[in-house]
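Trainee: Below is the structure I would like to discuss, written out as structure tokens.
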Amino acid sequence: MSAHFPGLVIIIPLVAAFLILIGALLDKRLAFPLTALALLGSLVTAIGLLARVMQVGVVEYHLAGWAPPVGIAYRVDHLNGLVLVAVAAVAFINLLGTRPLVVEAFGDRLGPFYTLYILLVAGLLGIVVTGDAFNLYVLLEIAALTGYALVGMGEGRAPLASLNYIFMGTVGASFYLLGVGYLYLVTGTLNMADLAVRLPALYPSKVVFSAFVICLAGLCLKMGFFPLHAWLPNAYSYAPDPVSSLVAPLMTKVMVYVMVRIMLFVFTPAFAFDLTAISEPMVWMAIVAIVAGSFLALSTRRLKRMLTYIVVAEVGYMVGGFWLGNRLGISGAILHIINDAVMTLCVFLAAAALIARTGSDAIDDMQGLFKKMPVTMAVFVIAGLSIIGVPPTCGFFSKWYLISGAIAAGQYGFMAALLLSSLINLVLFFRIFEIAYFEPFEDHHAEHPTGHGRVLSAVQEAPLELLVPLVVTAALLFALGIYAGDIVSLIIDKAIPLGIV
Amino acid sequence: MESLLSNFLAKYNYWVYIGLVMIGMYAMIAKRNLVKKIIGMNIVQTAVILFYVSIGAKKGKTIPIIAHGHEETGHHAAQAIDYISPLPHVLMLTAIVVSVATLGVALALAIKIYRQYGTLEEDEIALRINEP
């Protein structure tokens, strides 16, 4: 049974997608339990896989028994074992937490909603687990297409934002496919491990360099790396709340993982860092991304929009940390993939709870919320502190690795950008805390009832179903922080090729 | 000049695909109508498909099916070099499905946008959004 875990981790949600659609036709109430059961199955298999990888090393799985390079191989090592658990856990927690919001917003479309939800998660898990470059493209499109549909289910400007997301996302995926095509042209293989063996002899070839650049450009577009981020803020802020708390933590992070996977294990570090002179410009672009993302976040007065700009800045953290090219920087980038997924989930879930109760996502409408929704706000504060980087929350530790990596690589500009971004995050979150804690609420809201006609004095704490996942996520932030050293030494250290010092 | 021309003619499939990508990109950037943008997006995807299909081809070789393979008694080994490569073509079956699905989602969203704003012109939609 456990030998089939790499296949099962995506086959369970894929099969469940059909069952959910059929089940929901019989009875809409079946959709949620089926989804929860399937995602729990994925989470258990993902944890089982990580445990197995930590015991015996790389786990390889040949789909339908065809050995690579002819067949498609799913290959789990320390790197994707860790990311798999993070993806499955975030999707599962978000599913449990957002049920009341989903019922309220999509009560008549529960079947389609949960089918799309689980297909998106299946696509993301598949991207992480696969060891085949073309298979990755297919799963990427599964995740992307369901993501477009979920974002487009929102109200107001959501369809337009989703359409722009389709344009950019499709160009990004097509570029990735084109790069893979170039690699196939010169090597005749699509298996990642096989590519890594065959490519070194071809490094002087211009085709390989073109493939490298085109792949990287496509991935940067998909992950919303700063000059190519234009689709991200609209798509994530106009998406329905339960959707943005799923795609914002996972989509960009998984794309950063793909970049790490392609650069380290298809093109070797020798090619990515030494033969091409691209790491220095990438770090500088990451600096621009961090600074620009932070300032854009300062410029908005809307809660969800501010959080999406923070996501843009965080992508800069990870890309920059990776391209520092030393062990500390790459450890920081990989650790930040995990930490940022949980932090982003936490803030977006808290924002969803606040918006559901107050009916507004304007920061100025948040007066007095500490008294009205103490638990939600407490969780929001913890998540905010983690994004700022206050120990012992996990945000501090990944930032610590990134800054140490920047010093080791002599990239003081990147270090300065990280510190500046922390300061700006401090301003961003304390601005909210101040409004929510100190400003009185009754007189303001008596004059201006909020959008949905709810007066703030009627606002109450979020439902228990949402509070429990929120508190669990906040606890995870501390747990990830406290065990950060173990995660790095036991898992991430083994994920990075030995050649990198 | 001559070498440039022969270079062009020898690798015309790549030039065609690059041209198509450029046309598609131009439509996505310059056109203000959402359906025209969707068509541009589809042209980009089709160009990539064309690229893949063309790299499988070999001059003077045949399709990868062993003719009368089951009837012959003195069976001789098939040489891969005698056949065009079927793998890129098979991959593109999947990519075609993906591009059809993308087109479907995009058109569905375009319908939703049209119902919402009564137009598919970007500048008119921007006007409607900026109205209170």
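Here's how to read the names in the structure tokens: chain A, B, ... by the order shown, residue numbers from 1 in each chain, ligand numbers from 1 in the order shown.
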For chain A against chain B, which residues fall within 10 Å using only C-alpha atoms, given as a VMD selection string?
Mentor: chain A and resid 134 to 135 137 to 138 141 to 142 144 to 146 148 to 149 152 to 153 155 to 168 170 to 171 173 to 175 177 to 178 181 to 182 184 to 185 188 to 189
Trainee: Restrict the selected residues to C-alpha atoms and save them as a CSV table (one decimal), in the first residue's frame.
Mentor:
```csv
chain,number,residue,atom,x,y,z
A,134,PHE,CA,5.7,17.5,-19.6
A,135,ASN,CA,3.5,15.9,-17.0
A,137,TYR,CA,2.9,21.2,-17.6
A,138,VAL,CA,-0.4,19.2,-17.8
A,141,GLU,CA,-2.8,23.6,-16.5
A,142,ILE,CA,-5.2,21.5,-14.4
A,144,ALA,CA,-4.5,26.9,-13.4
A,145,LEU,CA,-7.8,26.2,-15.2
A,146,THR,CA,-9.6,25.3,-12.0
A,148,TYR,CA,-9.4,30.6,-13.2
A,149,ALA,CA,-12.9,29.1,-12.8
A,152,GLY,CA,-14.3,33.8,-11.9
A,153,MET,CA,-17.0,32.5,-9.6
A,155,GLU,CA,-18.9,38.8,-7.6
A,156,GLY,CA,-18.2,42.2,-9.1
A,157,ARG,CA,-14.9,42.5,-11.0
A,158,ALA,CA,-13.9,38.9,-10.4
A,159,PRO,CA,-14.7,37.6,-13.9
A,160,LEU,CA,-12.7,40.4,-15.5
A,161,ALA,CA,-9.8,39.8,-13.1
A,162,SER,CA,-10.0,36.1,-13.8
A,163,LEU,CA,-9.9,36.7,-17.6
A,164,ASN,CA,-6.7,38.8,-17.2
A,165,TYR,CA,-5.3,36.0,-15.1
A,166,ILE,CA,-6.1,33.5,-17.9
A,167,PHE,CA,-4.2,35.7,-20.4
A,168,MET,CA,-1.1,36.0,-18.3
A,170,THR,CA,-1.7,30.9,-20.4
A,171,VAL,CA,1.3,32.8,-21.8
A,173,ALA,CA,2.4,28.1,-19.2
A,174,SER,CA,3.0,28.2,-23.0
A,175,PHE,CA,6.5,29.6,-22.3
A,177,LEU,CA,6.0,24.3,-22.5
A,178,LEU,CA,8.1,25.9,-25.2
A,181,GLY,CA,10.1,21.6,-26.1
A,182,TYR,CA,13.6,23.0,-26.6
A,184,TYR,CA,13.3,17.8,-25.7
A,185,LEU,CA,14.6,18.9,-29.1
A,188,GLY,CA,15.1,13.5,-26.7
A,189,THR,CA,13.8,13.0,-23.1
```
Trainee: Where does DSSP see helix (DSSP H, G or I) in chain B, if you list the residues as an MDAnalysis selection string?
Mentor: chainID B and resid 2:10 12:30 34:55 80:82 87:117 122:130
Trainee: Just to confirm, what's the straight-line distance from atom CA of A:Ile11 to atom CA of A:Thr45 in Å (one decimal)?
Mentor: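 Going from atom CA of A:Ile11 over to atom CA of A:Thr45, I get 10.9 Å.
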Trainee: With only C-alpha atoms as the counted atoms, please give the residues lying no more than 8 Å from A:Gly81, apart from itself and same-chain residues fewer than 2 positions off, as a tab-separated table (two decimals) with C-alpha atoms, in the first residue's frame.
Mentor:
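File produced: out-v4.tsv:
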```
chain	number	residue	atom	x	y	z
A	46	ALA	CA	1.69	13.08	1.97
A	47	ILE	CA	2.79	12.75	5.60
A	49	LEU	CA	5.55	9.86	2.02
A	50	LEU	CA	7.61	12.44	3.91
A	53	VAL	CA	11.59	9.71	2.44
A	76	VAL	CA	9.63	12.18	-4.09
A	77	ASP	CA	12.72	13.45	-2.32
A	78	HIS	CA	13.16	15.62	0.75
A	79	LEU	CA	12.28	18.79	-1.17
A	83	VAL	CA	6.17	20.85	-0.01
A	84	LEU	CA	3.58	18.08	-0.51
A	85	VAL	CA	2.74	18.05	3.19
A	129	VAL	CA	5.15	15.09	-6.95
```
Trainee: Which distance in Å separates atom CA of A:Ser398 and atom CA of A:Ala436, to one decimal?
Mentor: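 A separation of 28.4 Å between them.
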Trainee: Go through A:Ser210, A:Ser237, A:Ser404, A:Ser421 and flag the residue nearest A:Ser331, using only C-alpha atoms for the distances.
Mentor: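 Selected residue with least distance to A:Ser331: A:Ser404.
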Trainee: Can you measure atom CA of B:Ile65 to atom CA of B:Tyr83 for me? One decimal in Å is fine.
Mentor: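 So the two atoms, atom CA of B:Ile65 and atom CA of B:Tyr83, lie 8.1 Å apart.
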